[in-house]
$ cat query.cif   # mmCIF, C-alpha atoms and all ligand atoms
data_upload
#
loop_
_atom_site.label_atom_id
_atom_site.label_comp_id
_atom_site.auth_asym_id
_atom_site.auth_seq_id
_atom_site.Cartn_x
_atom_site.Cartn_y
_atom_site.Cartn_z
CA MET A 1 0.00 0.00 0.00
CA ASN A 2 1.24 3.52 -0.82
CA ASP A 3 1.58 5.93 2.08
CA PRO A 4 -1.76 7.66 2.61
CA ILE A 5 -2.04 11.24 1.36
CA GLY A 6 -4.68 14.01 1.52
CA LEU A 7 -7.64 14.20 -0.86
CA TYR A 8 -9.24 17.55 -1.71
CA ILE A 9 -12.52 17.55 -3.61
CA HIS A 10 -13.61 20.86 -5.07
CA VAL A 11 -17.40 21.22 -5.22
CA PRO A 12 -17.94 24.07 -7.69
CA PHE A 13 -21.58 24.93 -6.99
CA CYS A 14 -23.10 27.86 -5.09
CA ARG A 15 -26.64 29.11 -4.76
CA ARG A 16 -25.46 32.66 -5.41
CA LYS A 17 -22.04 34.30 -5.68
CA CYS A 18 -20.93 36.37 -2.69
CA VAL A 19 -19.65 39.83 -3.64
CA TYR A 20 -16.04 39.22 -2.56
CA CYS A 21 -15.56 35.68 -3.87
CA ASP A 22 -13.19 34.66 -6.64
CA PHE A 23 -13.21 30.90 -6.00
CA TYR A 24 -14.23 28.83 -8.98
CA SER A 25 -17.91 28.15 -8.34
CA LEU A 26 -21.03 28.52 -10.45
CA ALA A 27 -24.44 29.73 -9.34
CA GLY A 28 -27.58 28.03 -10.66
CA LYS A 29 -25.85 24.92 -12.04
CA GLU A 30 -27.02 22.41 -9.46
CA ASP A 31 -28.49 20.29 -12.28
CA LEU A 32 -24.89 19.26 -13.04
CA THR A 33 -24.18 17.79 -9.60
CA GLN A 34 -24.88 14.15 -10.51
CA LYS A 35 -22.57 14.20 -13.54
CA TYR A 36 -19.99 16.02 -11.48
CA VAL A 37 -20.17 13.34 -8.73
CA GLN A 38 -19.72 10.60 -11.35
CA ALA A 39 -16.61 12.37 -12.66
CA VAL A 40 -15.20 12.71 -9.12
CA VAL A 41 -15.80 9.00 -8.51
CA ARG A 42 -14.05 8.08 -11.80
CA ASN A 43 -11.01 10.18 -10.92
CA ILE A 44 -10.74 8.78 -7.39
CA ARG A 45 -10.81 5.22 -8.76
CA ILE A 46 -8.17 6.06 -11.39
CA SER A 47 -5.85 7.50 -8.71
CA GLY A 48 -5.53 4.17 -6.88
CA MET A 49 -4.35 6.10 -3.81
CA THR A 50 -5.10 5.74 -0.11
CA PHE A 51 -6.19 8.81 1.85
CA ASP A 52 -5.87 9.70 5.52
CA THR A 53 -7.59 13.07 5.16
CA VAL A 54 -10.43 14.06 2.85
CA TYR A 55 -11.65 17.63 2.45
CA PHE A 56 -14.79 18.68 0.56
CA GLY A 57 -14.26 22.37 -0.22
CA GLY A 58 -15.90 24.80 -2.55
CA GLY A 59 -18.08 26.20 -3.64
CA THR A 60 -20.72 24.75 -1.38
CA PRO A 61 -20.35 21.04 -0.61
CA SER A 62 -23.61 21.16 1.36
CA LEU A 63 -25.42 21.50 -1.98
CA LEU A 64 -24.55 17.83 -2.60
CA SER A 65 -26.91 15.21 -1.20
CA SER A 66 -25.69 12.81 1.44
CA SER A 67 -25.97 9.94 -1.04
CA GLN A 68 -23.69 11.83 -3.43
CA ILE A 69 -21.18 12.35 -0.60
CA SER A 70 -21.50 8.67 0.21
CA ASP A 71 -20.89 7.65 -3.45
CA ILE A 72 -17.70 9.71 -3.48
CA LEU A 73 -16.41 8.37 -0.16
CA SER A 74 -17.24 4.78 -1.10
CA ALA A 75 -15.05 5.11 -4.20
CA ALA A 76 -12.04 6.16 -2.13
CA ASP A 77 -9.65 3.93 -0.23
CA ILE A 78 -9.74 5.71 3.11
CA ALA A 79 -7.36 4.82 5.92
CA GLU A 80 -8.77 4.06 9.34
CA GLY A 81 -9.08 7.11 11.57
CA ALA A 82 -9.09 9.50 8.59
CA GLU A 83 -10.25 13.09 9.07
CA ILE A 84 -13.12 13.71 6.64
CA SER A 85 -14.16 17.38 6.48
CA ALA A 86 -16.91 19.16 4.58
CA GLU A 87 -17.46 22.88 4.24
CA ILE A 88 -21.11 23.79 4.66
CA ASN A 89 -23.10 27.00 4.40
CA PRO A 90 -25.71 27.81 7.04
CA ASP A 91 -28.44 28.25 4.40
CA SER A 92 -28.03 24.78 2.95
CA ALA A 93 -27.52 22.52 5.96
CA ASP A 94 -30.31 21.63 8.38
CA THR A 95 -30.07 19.05 11.16
CA GLN A 96 -31.35 16.21 8.98
CA LYS A 97 -28.86 16.93 6.22
CA LEU A 98 -26.05 17.13 8.75
CA ARG A 99 -27.15 13.80 10.30
CA ASP A 100 -27.06 12.27 6.83
CA PHE A 101 -23.60 13.74 6.15
CA ARG A 102 -22.42 12.25 9.45
CA ALA A 103 -23.87 8.86 8.49
CA ALA A 104 -22.14 9.13 5.09
CA GLY A 105 -18.77 9.38 6.86
CA ILE A 106 -18.10 13.12 7.34
CA ASN A 107 -16.55 13.65 10.79
CA ARG A 108 -15.54 17.31 10.65
CA ILE A 109 -17.70 20.25 9.61
CA SER A 110 -16.44 23.67 8.62
CA ILE A 111 -19.21 26.24 8.62
CA GLY A 112 -19.03 29.39 6.48
CA ILE A 113 -20.30 31.70 9.24
CA GLN A 114 -18.16 34.76 8.25
CA SER A 115 -19.90 37.01 10.78
CA LEU A 116 -22.67 36.94 13.37
CA ASP A 117 -23.68 40.49 12.51
CA ASP A 118 -26.64 40.75 10.12
CA LYS A 119 -25.47 44.00 8.55
CA GLU A 120 -22.04 42.56 7.77
CA LEU A 121 -23.57 39.38 6.33
CA SER A 122 -25.80 41.37 4.04
CA VAL A 123 -22.91 43.57 2.84
CA LEU A 124 -21.01 40.39 1.92
CA GLY A 125 -23.98 39.09 -0.08
CA ARG A 126 -24.26 35.99 2.10
CA LEU A 127 -27.55 34.12 1.93
CA HIS A 128 -27.79 33.50 5.68
CA ASN A 129 -28.40 35.71 8.69
CA SER A 130 -26.84 35.48 12.14
CA GLU A 131 -29.66 33.33 13.52
CA GLN A 132 -29.17 30.76 10.77
CA ALA A 133 -25.42 30.86 11.40
CA GLU A 134 -25.88 30.08 15.09
CA ASN A 135 -28.44 27.40 14.28
CA ALA A 136 -26.00 25.73 11.90
CA ILE A 137 -23.58 25.16 14.81
CA LEU A 138 -26.36 23.86 17.04
CA SER A 139 -27.66 21.61 14.25
CA ALA A 140 -24.18 20.20 13.67
CA GLN A 141 -23.96 19.35 17.36
CA LYS A 142 -27.42 17.75 17.34
CA ALA A 143 -26.31 15.72 14.33
CA GLY A 144 -23.43 14.29 16.37
CA PHE A 145 -20.50 16.46 15.22
CA GLU A 146 -17.90 17.43 17.78
CA ASN A 147 -15.25 18.62 15.40
CA ILE A 148 -16.85 21.89 14.29
CA SER A 149 -15.00 24.76 12.69
CA ALA A 150 -16.31 28.24 11.88
CA ASP A 151 -14.95 30.68 9.29
CA LEU A 152 -14.89 34.33 10.30
CA MET A 153 -13.91 37.34 8.22
CA LEU A 154 -11.99 40.37 9.47
CA GLY A 155 -11.56 43.77 7.90
CA LEU A 156 -15.07 43.98 6.44
CA PRO A 157 -16.62 47.26 5.30
CA TYR A 158 -17.95 49.22 8.30
CA GLN A 159 -16.63 46.55 10.70
CA HIS A 160 -15.54 47.44 14.23
CA THR A 161 -13.05 45.45 16.29
CA GLU A 162 -15.73 45.05 18.95
CA THR A 163 -17.98 43.11 16.54
CA VAL A 164 -15.14 40.74 15.71
CA LEU A 165 -14.46 40.10 19.39
CA ASN A 166 -18.17 39.55 20.09
CA ASN A 167 -18.29 37.07 17.21
CA ILE A 168 -15.37 35.13 18.66
CA GLU A 169 -16.87 35.06 22.17
CA ARG A 170 -20.20 33.87 20.79
CA LEU A 171 -18.64 31.13 18.64
CA SER A 172 -16.77 29.95 21.68
CA GLU A 173 -19.97 29.87 23.77
CA LEU A 174 -21.71 27.92 21.02
CA GLY A 175 -18.99 25.27 21.19
CA ALA A 176 -16.91 25.75 18.01
CA ARG A 177 -13.62 23.84 18.34
CA HIS A 178 -11.76 25.52 15.50
CA ILE A 179 -11.93 29.02 14.04
CA SER A 180 -10.44 30.27 10.78
CA ALA A 181 -10.21 34.06 10.82
CA TYR A 182 -9.38 35.50 7.41
CA MET A 183 -8.77 39.13 6.48
CA LEU A 184 -11.01 40.24 3.62
CA LYS A 185 -9.08 40.53 0.37
CA ILE A 186 -10.34 42.56 -2.55
CA GLU A 187 -9.96 40.24 -5.53
CA SER A 188 -10.03 41.85 -8.93
CA GLY A 189 -13.05 41.06 -11.08
CA THR A 190 -15.39 40.58 -8.11
CA PRO A 191 -18.39 42.89 -7.58
CA LEU A 192 -16.70 44.12 -4.41
CA SER A 193 -13.68 45.33 -6.37
CA GLU A 194 -15.99 47.64 -8.34
CA ASN A 195 -17.94 48.99 -5.38
CA ASP A 196 -16.19 52.21 -4.40
CA GLU A 197 -18.50 52.88 -1.49
CA LEU A 198 -17.77 49.53 0.20
CA ILE A 199 -14.07 49.75 -0.56
CA SER A 200 -13.80 53.19 0.99
CA ASN A 201 -15.34 51.81 4.18
CA ILE A 202 -12.97 48.88 4.56
CA ALA A 203 -10.64 49.03 7.56
CA ASP A 204 -7.36 50.79 6.80
CA GLU A 205 -4.01 49.13 7.51
CA GLU A 206 -3.84 50.34 11.09
CA LEU A 207 -7.36 49.24 12.01
CA SER A 208 -6.88 45.86 10.24
CA ALA A 209 -3.68 45.24 12.18
CA ASP A 210 -5.39 46.18 15.43
CA MET A 211 -8.35 43.93 14.62
CA TYR A 212 -6.09 40.98 13.84
CA LEU A 213 -3.98 41.32 16.98
CA GLU A 214 -7.04 41.77 19.20
CA ALA A 215 -8.74 38.79 17.52
CA VAL A 216 -5.65 36.61 18.13
CA SER A 217 -5.55 37.49 21.81
CA CYS A 218 -9.32 37.01 22.21
CA LEU A 219 -9.09 33.61 20.53
CA GLU A 220 -6.20 32.60 22.79
CA LYS A 221 -8.15 33.80 25.83
CA ASN A 222 -11.01 31.56 24.79
CA GLY A 223 -8.72 28.52 24.45
CA PHE A 224 -8.17 28.62 20.68
CA LYS A 225 -4.46 28.15 20.14
CA GLN A 226 -3.05 29.75 17.03
CA TYR A 227 -1.40 27.16 14.79
CA GLU A 228 -1.33 29.11 11.52
CA ILE A 229 -1.63 32.76 10.47
CA SER A 230 -5.43 32.48 10.21
CA ASN A 231 -6.22 29.24 12.02
CA PHE A 232 -6.93 28.57 15.68
CA ALA A 233 -7.97 25.39 17.42
CA LYS A 234 -8.85 23.94 20.78
CA GLU A 235 -6.52 21.16 21.91
CA GLY A 236 -6.81 18.18 19.54
CA TYR A 237 -8.79 20.00 16.84
CA VAL A 238 -6.25 21.32 14.34
CA CYS A 239 -7.22 20.58 10.75
CA ARG A 240 -4.98 17.69 9.75
CA HIS A 241 -5.81 18.12 6.07
CA ASN A 242 -4.81 21.77 5.85
CA LEU A 243 -1.60 21.07 7.77
CA LYS A 244 -0.50 18.92 4.83
CA TYR A 245 -0.41 22.01 2.58
CA TRP A 246 1.84 23.93 4.91
CA ARG A 247 4.09 20.97 5.72
CA CYS A 248 4.65 20.20 2.04
CA GLU A 249 3.02 16.78 2.30
CA ASP A 250 1.33 15.08 -0.65
CA TYR A 251 -2.30 15.66 -1.55
CA LEU A 252 -4.47 15.00 -4.57
CA GLY A 253 -7.02 17.59 -5.71
CA ILE A 254 -10.06 16.56 -7.73
CA GLY A 255 -12.47 18.88 -9.52
CA PRO A 256 -12.15 22.06 -11.60
CA SER A 257 -9.64 24.52 -10.09
CA ALA A 258 -8.30 21.93 -7.61
CA HIS A 259 -4.55 21.74 -7.05
CA SER A 260 -2.42 18.69 -6.27
CA CYS A 261 1.08 18.08 -5.01
CA THR A 262 2.00 14.49 -5.51
CA GLY A 263 4.71 12.38 -7.11
CA GLY A 264 7.17 15.30 -6.97
CA LYS A 265 5.02 17.68 -9.04
CA ARG A 266 2.32 20.28 -8.57
CA PHE A 267 -0.74 20.20 -10.85
CA ALA A 268 -3.85 22.30 -11.37
CA VAL A 269 -7.14 21.22 -12.93
CA PRO A 270 -8.53 23.80 -15.41
CA LYS A 271 -11.47 25.89 -14.22
CA ASP A 272 -13.95 24.24 -16.55
CA ILE A 273 -16.75 22.13 -15.14
CA TYR A 274 -17.83 20.87 -18.57
CA GLY A 275 -14.30 19.75 -19.41
CA PHE A 276 -14.15 18.01 -16.04
CA ILE A 277 -17.43 16.11 -16.30
CA ASN A 278 -16.95 15.16 -19.95
CA CYS A 279 -13.45 13.67 -19.65
CA GLU A 280 -12.71 10.16 -18.50
CA LYS A 281 -9.78 11.53 -16.45
CA GLN A 282 -9.40 15.15 -15.33
CA GLU A 283 -6.88 17.29 -17.20
CA GLU A 284 -3.91 18.13 -14.98
CA VAL A 285 -1.62 20.99 -15.92
CA ILE A 286 1.81 20.90 -14.29
CA THR A 287 2.42 24.16 -12.43
CA ASP A 288 5.70 23.18 -10.77
CA ASP A 289 7.88 20.20 -11.63
CA ALA A 290 10.18 20.55 -8.62
CA PRO A 291 8.04 21.69 -5.69
CA CYS A 292 8.94 21.81 -2.00
CA GLY A 293 12.47 23.17 -2.36
CA SER A 294 13.99 24.75 0.73
CA SER A 295 12.70 28.28 0.14
CA GLU A 296 9.16 27.02 -0.52
CA ARG A 297 9.33 24.89 2.63
CA LEU A 298 10.46 27.96 4.55
CA MET A 299 7.65 30.06 3.09
CA LEU A 300 4.99 27.50 4.00
CA ALA A 301 6.42 26.57 7.41
CA LEU A 302 6.59 30.21 8.53
CA ARG A 303 2.80 30.40 8.17
CA LEU A 304 2.62 27.87 11.00
CA SER A 305 3.16 28.64 14.68
CA GLU A 306 5.49 25.61 14.83
CA GLY A 307 7.68 27.53 12.37
CA PHE A 308 10.66 26.41 10.31
CA LEU A 309 13.30 23.96 11.51
CA MET A 310 16.53 25.77 10.65
CA SER A 311 18.52 22.56 10.15
CA GLN A 312 16.41 22.09 6.98
CA ALA A 313 18.36 24.99 5.50
CA GLY A 314 21.47 22.74 5.48
CA ASP A 315 24.66 24.75 4.90
CA TYR A 316 22.70 28.02 5.14
CA GLU A 317 21.46 27.47 8.69
CA ASN A 318 23.87 29.98 10.24
CA ARG A 319 23.14 32.65 7.64
CA LEU A 320 19.43 32.14 8.14
CA ARG A 321 19.81 32.52 11.90
CA ALA A 322 21.88 35.69 11.43
CA ALA A 323 19.15 37.18 9.19
CA ALA A 324 16.47 36.27 11.74
CA VAL A 325 18.14 37.66 14.88
CA PRO A 326 17.40 41.38 14.16
CA MET A 327 13.75 40.51 13.51
CA GLU A 328 13.61 38.68 16.83
CA LYS A 329 14.76 41.91 18.52
CA HIS A 330 11.79 43.69 16.93
CA GLY A 331 9.36 41.11 18.32
CA LEU A 332 8.48 39.73 14.88
CA LEU A 333 9.70 36.19 15.50
CA LYS A 334 11.17 33.84 18.08
CA ILE A 335 14.19 31.60 17.67
CA SER A 336 13.91 28.58 19.92
CA ASP A 337 14.76 24.85 19.77
CA GLY A 338 16.40 25.36 16.39
CA ARG A 339 13.20 26.82 14.92
CA ILE A 340 12.14 30.22 13.63
CA MET A 341 8.58 30.98 14.66
CA LEU A 342 6.68 34.14 13.77
CA THR A 343 4.81 36.00 16.51
CA PRO A 344 1.32 37.45 15.84
CA MET A 345 3.07 40.77 15.02
CA GLY A 346 5.28 38.86 12.60
CA PHE A 347 2.26 37.18 10.98
CA LEU A 348 0.97 40.66 10.15
CA VAL A 349 4.04 41.29 7.98
CA SER A 350 4.74 37.68 7.08
CA ASN A 351 5.23 38.39 3.38
CA GLU A 352 8.11 40.77 4.04
CA ILE A 353 9.72 38.43 6.58
CA ILE A 354 9.40 35.41 4.31
CA CYS A 355 10.84 37.40 1.42
CA ARG A 356 13.91 38.49 3.40
CA LEU A 357 14.60 35.05 4.84
CA SER A 358 14.05 33.28 1.50
CA GLU A 359 16.66 35.55 -0.07
CA VAL A 360 19.25 33.97 2.24
CA LEU A 361 18.44 30.52 0.87
CA GLU A 362 18.25 31.73 -2.72
CA GLU A 363 21.58 33.53 -2.51
CA GLY A 364 23.06 30.17 -1.56
S1 LIG A 401 -20.57 30.54 -0.70
FE1 LIG A 401 -18.31 30.49 -0.59
S2 LIG A 401 -17.60 29.72 -2.58
FE2 LIG A 401 -19.79 30.30 -2.80
S3 LIG A 401 -19.73 32.37 -3.60
FE3 LIG A 401 -19.87 32.56 -1.36
S4 LIG A 401 -17.74 32.65 -0.65
FE4 LIG A 401 -17.70 31.92 -2.77
#
$ encode --input "query.cif" --output "structure tokens"
Amino acid sequence: MNDPIGLYIHVPFCRRKCVYCDFYSLAGKEDLTQKYVQAVVRNIRISGMTFDTVYFGGGTPSLLSSSQISDILSAADIAEGAEISAEINPDSADTQKLRDFRAAGINRISIGIQSLDDKELSVLGRLHNSEQAENAILSAQKAGFENISADLMLGLPYQHTETVLNNIERLSELGARHISAYMLKIESGTPLSENDELISNIADEELSADMYLEAVSCLEKNGFKQYEISNFAKEGYVCRHNLKYWRCEDYLGIGPSAHSCTGGKRFAVPKDIYGFINCEKQEEVITDDAPCGSSERLMLALRLSEGFLMSQAGDYENRLRAAAVPMEKHGLLKISDGRIMLTPMGFLVSNEIICRLSEVLEEG
């Protein structure tokens, strides 16, 4: 048996596009779900791989039926004890559906809450309100899920730090075990990118930084330990699947726009649902034929609180340490046990830090 790897399944359907979203997903194409599921099943069988994590992302995986989820999981060779996650949206997941997902094998639910403030949800073009968002967590618990994650967004138009902190406190009270807190990004081509009024009311750099740092300390206070720039978990609830991305471990991505890193190469599947469902095997375009070199490992590892093990830099370990020491003095990172670990302040400027430290490896 091959060593188990991660499996990502991209579910490219949404009821409606949110104003900020540039993920590959189509609104009003739910009639294609059955053909799409058949194509996913074909590709899983062709892979012949064993998986110890499975992640249904999107798009909106909760638009699939539980029998479709079950068909996909039955086609996969899944190792015992695997983490099997599905992203769901509060408007398309009631208790019964969640019970059926649980029965189909899903054991981790990630809920696209984004905010518990009705005004913020409506600005984002989300289809749910705060009551539905709270109910989604309660329904997941009633359906037998313990491993529940919630997505939150920071830096929204008109948002105050206080709302973010209230959201975190409330999610904690409701029993979320994992929170992903992402800063809003304005992606070109989205309706948000063309809405001057909303853009002019987005938090400036100073307020965003303040919001992030306050959110991190509120999450820590509520028992959510930071393990990645945007990810926080109670003890025992880190997302094993997502860790594979940052630790440069192998994963296979299935579905239009999905990425893979396996067999020493990175691939991407074209963003074309018709191409995907009409081909026997998905098209895979190589995007990197020598991934996971030392500077890429450094870049990914510095996103994690566990940081980068400097001995992985080989002959450049001492130069890397020398480049990191001044940043440690500024409180941007810590050097301990042979590792470089960014602090929350460092995460705020992670791109600059990663750039400077990668240069050391590249110069070599
Ligand atoms: S539900 Fe998620 S994937 Fe769908 S449009 Fe909104 S943000 Fe994008």
$ residues_near_ligand --input "query.cif" --ligand "ligand LIG 401 (chain A)" --cutoff "7 Å" --atoms "all atoms listed in the file" --output "compact mmCIF listing (two decimals) with C-alpha atoms, keeping the file's coordinate frame"
# COMPACT_ATOMS: atom_id res chain seq x y z
CA CYS A 14 -23.10 27.86 -5.09
CA ARG A 16 -25.46 32.66 -5.41
CA LYS A 17 -22.04 34.30 -5.68
CA CYS A 18 -20.93 36.37 -2.69
CA CYS A 21 -15.56 35.68 -3.87
CA ASP A 22 -13.19 34.66 -6.64
CA PHE A 23 -13.21 30.90 -6.00
CA SER A 25 -17.91 28.15 -8.34
CA GLY A 58 -15.90 24.80 -2.55
CA GLY A 59 -18.08 26.20 -3.64
CA THR A 60 -20.72 24.75 -1.38
CA ASN A 89 -23.10 27.00 4.40
CA ARG A 126 -24.26 35.99 2.10
$ atom_distance --input "query.cif" --atom1 "atom CA of Glu146 of chain A" --atom2 "atom CA of Lys119 of chain A"
29.1 Å
$ atom_distance --input "query.cif" --atom1 "atom CA of Thr50 of chain A" --atom2 "atom CA of Ile148 of chain A"
24.6 Å
$ closest_residue --input "query.cif" --among "A:Gln114, A:Asn147, A:Thr190, A:Ser65" --to "Asp100 of chain A" --atoms "only C-alpha atoms"
A:Ser65
$ closest_residue --input "query.cif" --among "A:Gly175, A:Ile286, A:Pro326, A:Leu243" --to "His259 of chain A" --atoms "all atoms listed in the file"
A:Ile286
$ closest_residue --input "query.cif" --among "A:Pro90, A:Ser66, A:His160, A:Gln312" --to "Leu127 of chain A" --atoms "all atoms listed in the file"
A:Pro90
$ build_atoms --input "query.cif" --residues "segment 90-106 of chain A" --atoms "N, CA and C atoms" --output "PDB file, in the frame of the given file"
ATOM      1  N   PRO A  90     -24.568  27.884   6.134  1.00  0.00           N
ATOM      2  CA  PRO A  90     -25.710  27.810   7.040  1.00  0.00           C
ATOM      3  C   PRO A  90     -27.059  27.743   6.303  1.00  0.00           C
ATOM      4  N   ASP A  91     -27.143  28.257   5.084  1.00  0.00           N
ATOM      5  CA  ASP A  91     -28.440  28.250   4.400  1.00  0.00           C
ATOM      6  C   ASP A  91     -28.729  26.927   3.696  1.00  0.00           C
ATOM      7  N   SER A  92     -27.754  26.030   3.667  1.00  0.00           N
ATOM      8  CA  SER A  92     -28.030  24.780   2.950  1.00  0.00           C
ATOM      9  C   SER A  92     -27.699  23.549   3.786  1.00  0.00           C
ATOM     10  N   ALA A  93     -27.821  23.681   5.119  1.00  0.00           N
ATOM     11  CA  ALA A  93     -27.520  22.520   5.960  1.00  0.00           C
ATOM     12  C   ALA A  93     -28.407  22.525   7.197  1.00  0.00           C
ATOM     13  N   ASP A  94     -29.494  21.748   7.165  1.00  0.00           N
ATOM     14  CA  ASP A  94     -30.310  21.630   8.380  1.00  0.00           C
ATOM     15  C   ASP A  94     -29.876  20.380   9.151  1.00  0.00           C
ATOM     16  N   THR A  95     -30.521  20.155  10.303  1.00  0.00           N
ATOM     17  CA  THR A  95     -30.070  19.050  11.160  1.00  0.00           C
ATOM     18  C   THR A  95     -30.132  17.713  10.421  1.00  0.00           C
ATOM     19  N   GLN A  96     -31.214  17.498   9.665  1.00  0.00           N
ATOM     20  CA  GLN A  96     -31.350  16.210   8.980  1.00  0.00           C
ATOM     21  C   GLN A  96     -30.213  16.005   7.980  1.00  0.00           C
ATOM     22  N   LYS A  97     -29.927  17.064   7.209  1.00  0.00           N
ATOM     23  CA  LYS A  97     -28.860  16.930   6.220  1.00  0.00           C
ATOM     24  C   LYS A  97     -27.527  16.646   6.919  1.00  0.00           C
ATOM     25  N   LEU A  98     -27.305  17.336   8.023  1.00  0.00           N
ATOM     26  CA  LEU A  98     -26.050  17.130   8.750  1.00  0.00           C
ATOM     27  C   LEU A  98     -25.981  15.716   9.334  1.00  0.00           C
ATOM     28  N   ARG A  99     -27.120  15.202   9.812  1.00  0.00           N
ATOM     29  CA  ARG A  99     -27.150  13.800  10.300  1.00  0.00           C
ATOM     30  C   ARG A  99     -26.775  12.861   9.163  1.00  0.00           C
ATOM     31  N   ASP A 100     -27.337  13.147   7.975  1.00  0.00           N
ATOM     32  CA  ASP A 100     -27.060  12.270   6.830  1.00  0.00           C
ATOM     33  C   ASP A 100     -25.591  12.370   6.402  1.00  0.00           C
ATOM     34  N   PHE A 101     -25.027  13.574   6.467  1.00  0.00           N
ATOM     35  CA  PHE A 101     -23.600  13.740   6.150  1.00  0.00           C
ATOM     36  C   PHE A 101     -22.755  12.924   7.137  1.00  0.00           C
ATOM     37  N   ARG A 102     -23.148  12.983   8.397  1.00  0.00           N
ATOM     38  CA  ARG A 102     -22.420  12.250   9.450  1.00  0.00           C
ATOM     39  C   ARG A 102     -22.479  10.747   9.138  1.00  0.00           C
ATOM     40  N   ALA A 103     -23.694  10.297   8.797  1.00  0.00           N
ATOM     41  CA  ALA A 103     -23.870   8.860   8.490  1.00  0.00           C
ATOM     42  C   ALA A 103     -23.074   8.473   7.243  1.00  0.00           C
ATOM     43  N   ALA A 104     -22.890   9.427   6.326  1.00  0.00           N
ATOM     44  CA  ALA A 104     -22.140   9.130   5.090  1.00  0.00           C
ATOM     45  C   ALA A 104     -20.629   9.072   5.351  1.00  0.00           C
ATOM     46  N   GLY A 105     -20.198   9.502   6.527  1.00  0.00           N
ATOM     47  CA  GLY A 105     -18.770   9.380   6.860  1.00  0.00           C
ATOM     48  C   GLY A 105     -18.066  10.684   7.183  1.00  0.00           C
ATOM     49  N   ILE A 106     -18.742  11.832   6.998  1.00  0.00           N
ATOM     50  CA  ILE A 106     -18.100  13.120   7.340  1.00  0.00           C
ATOM     51  C   ILE A 106     -17.930  13.182   8.866  1.00  0.00           C
TER      52      ILE A 106
END
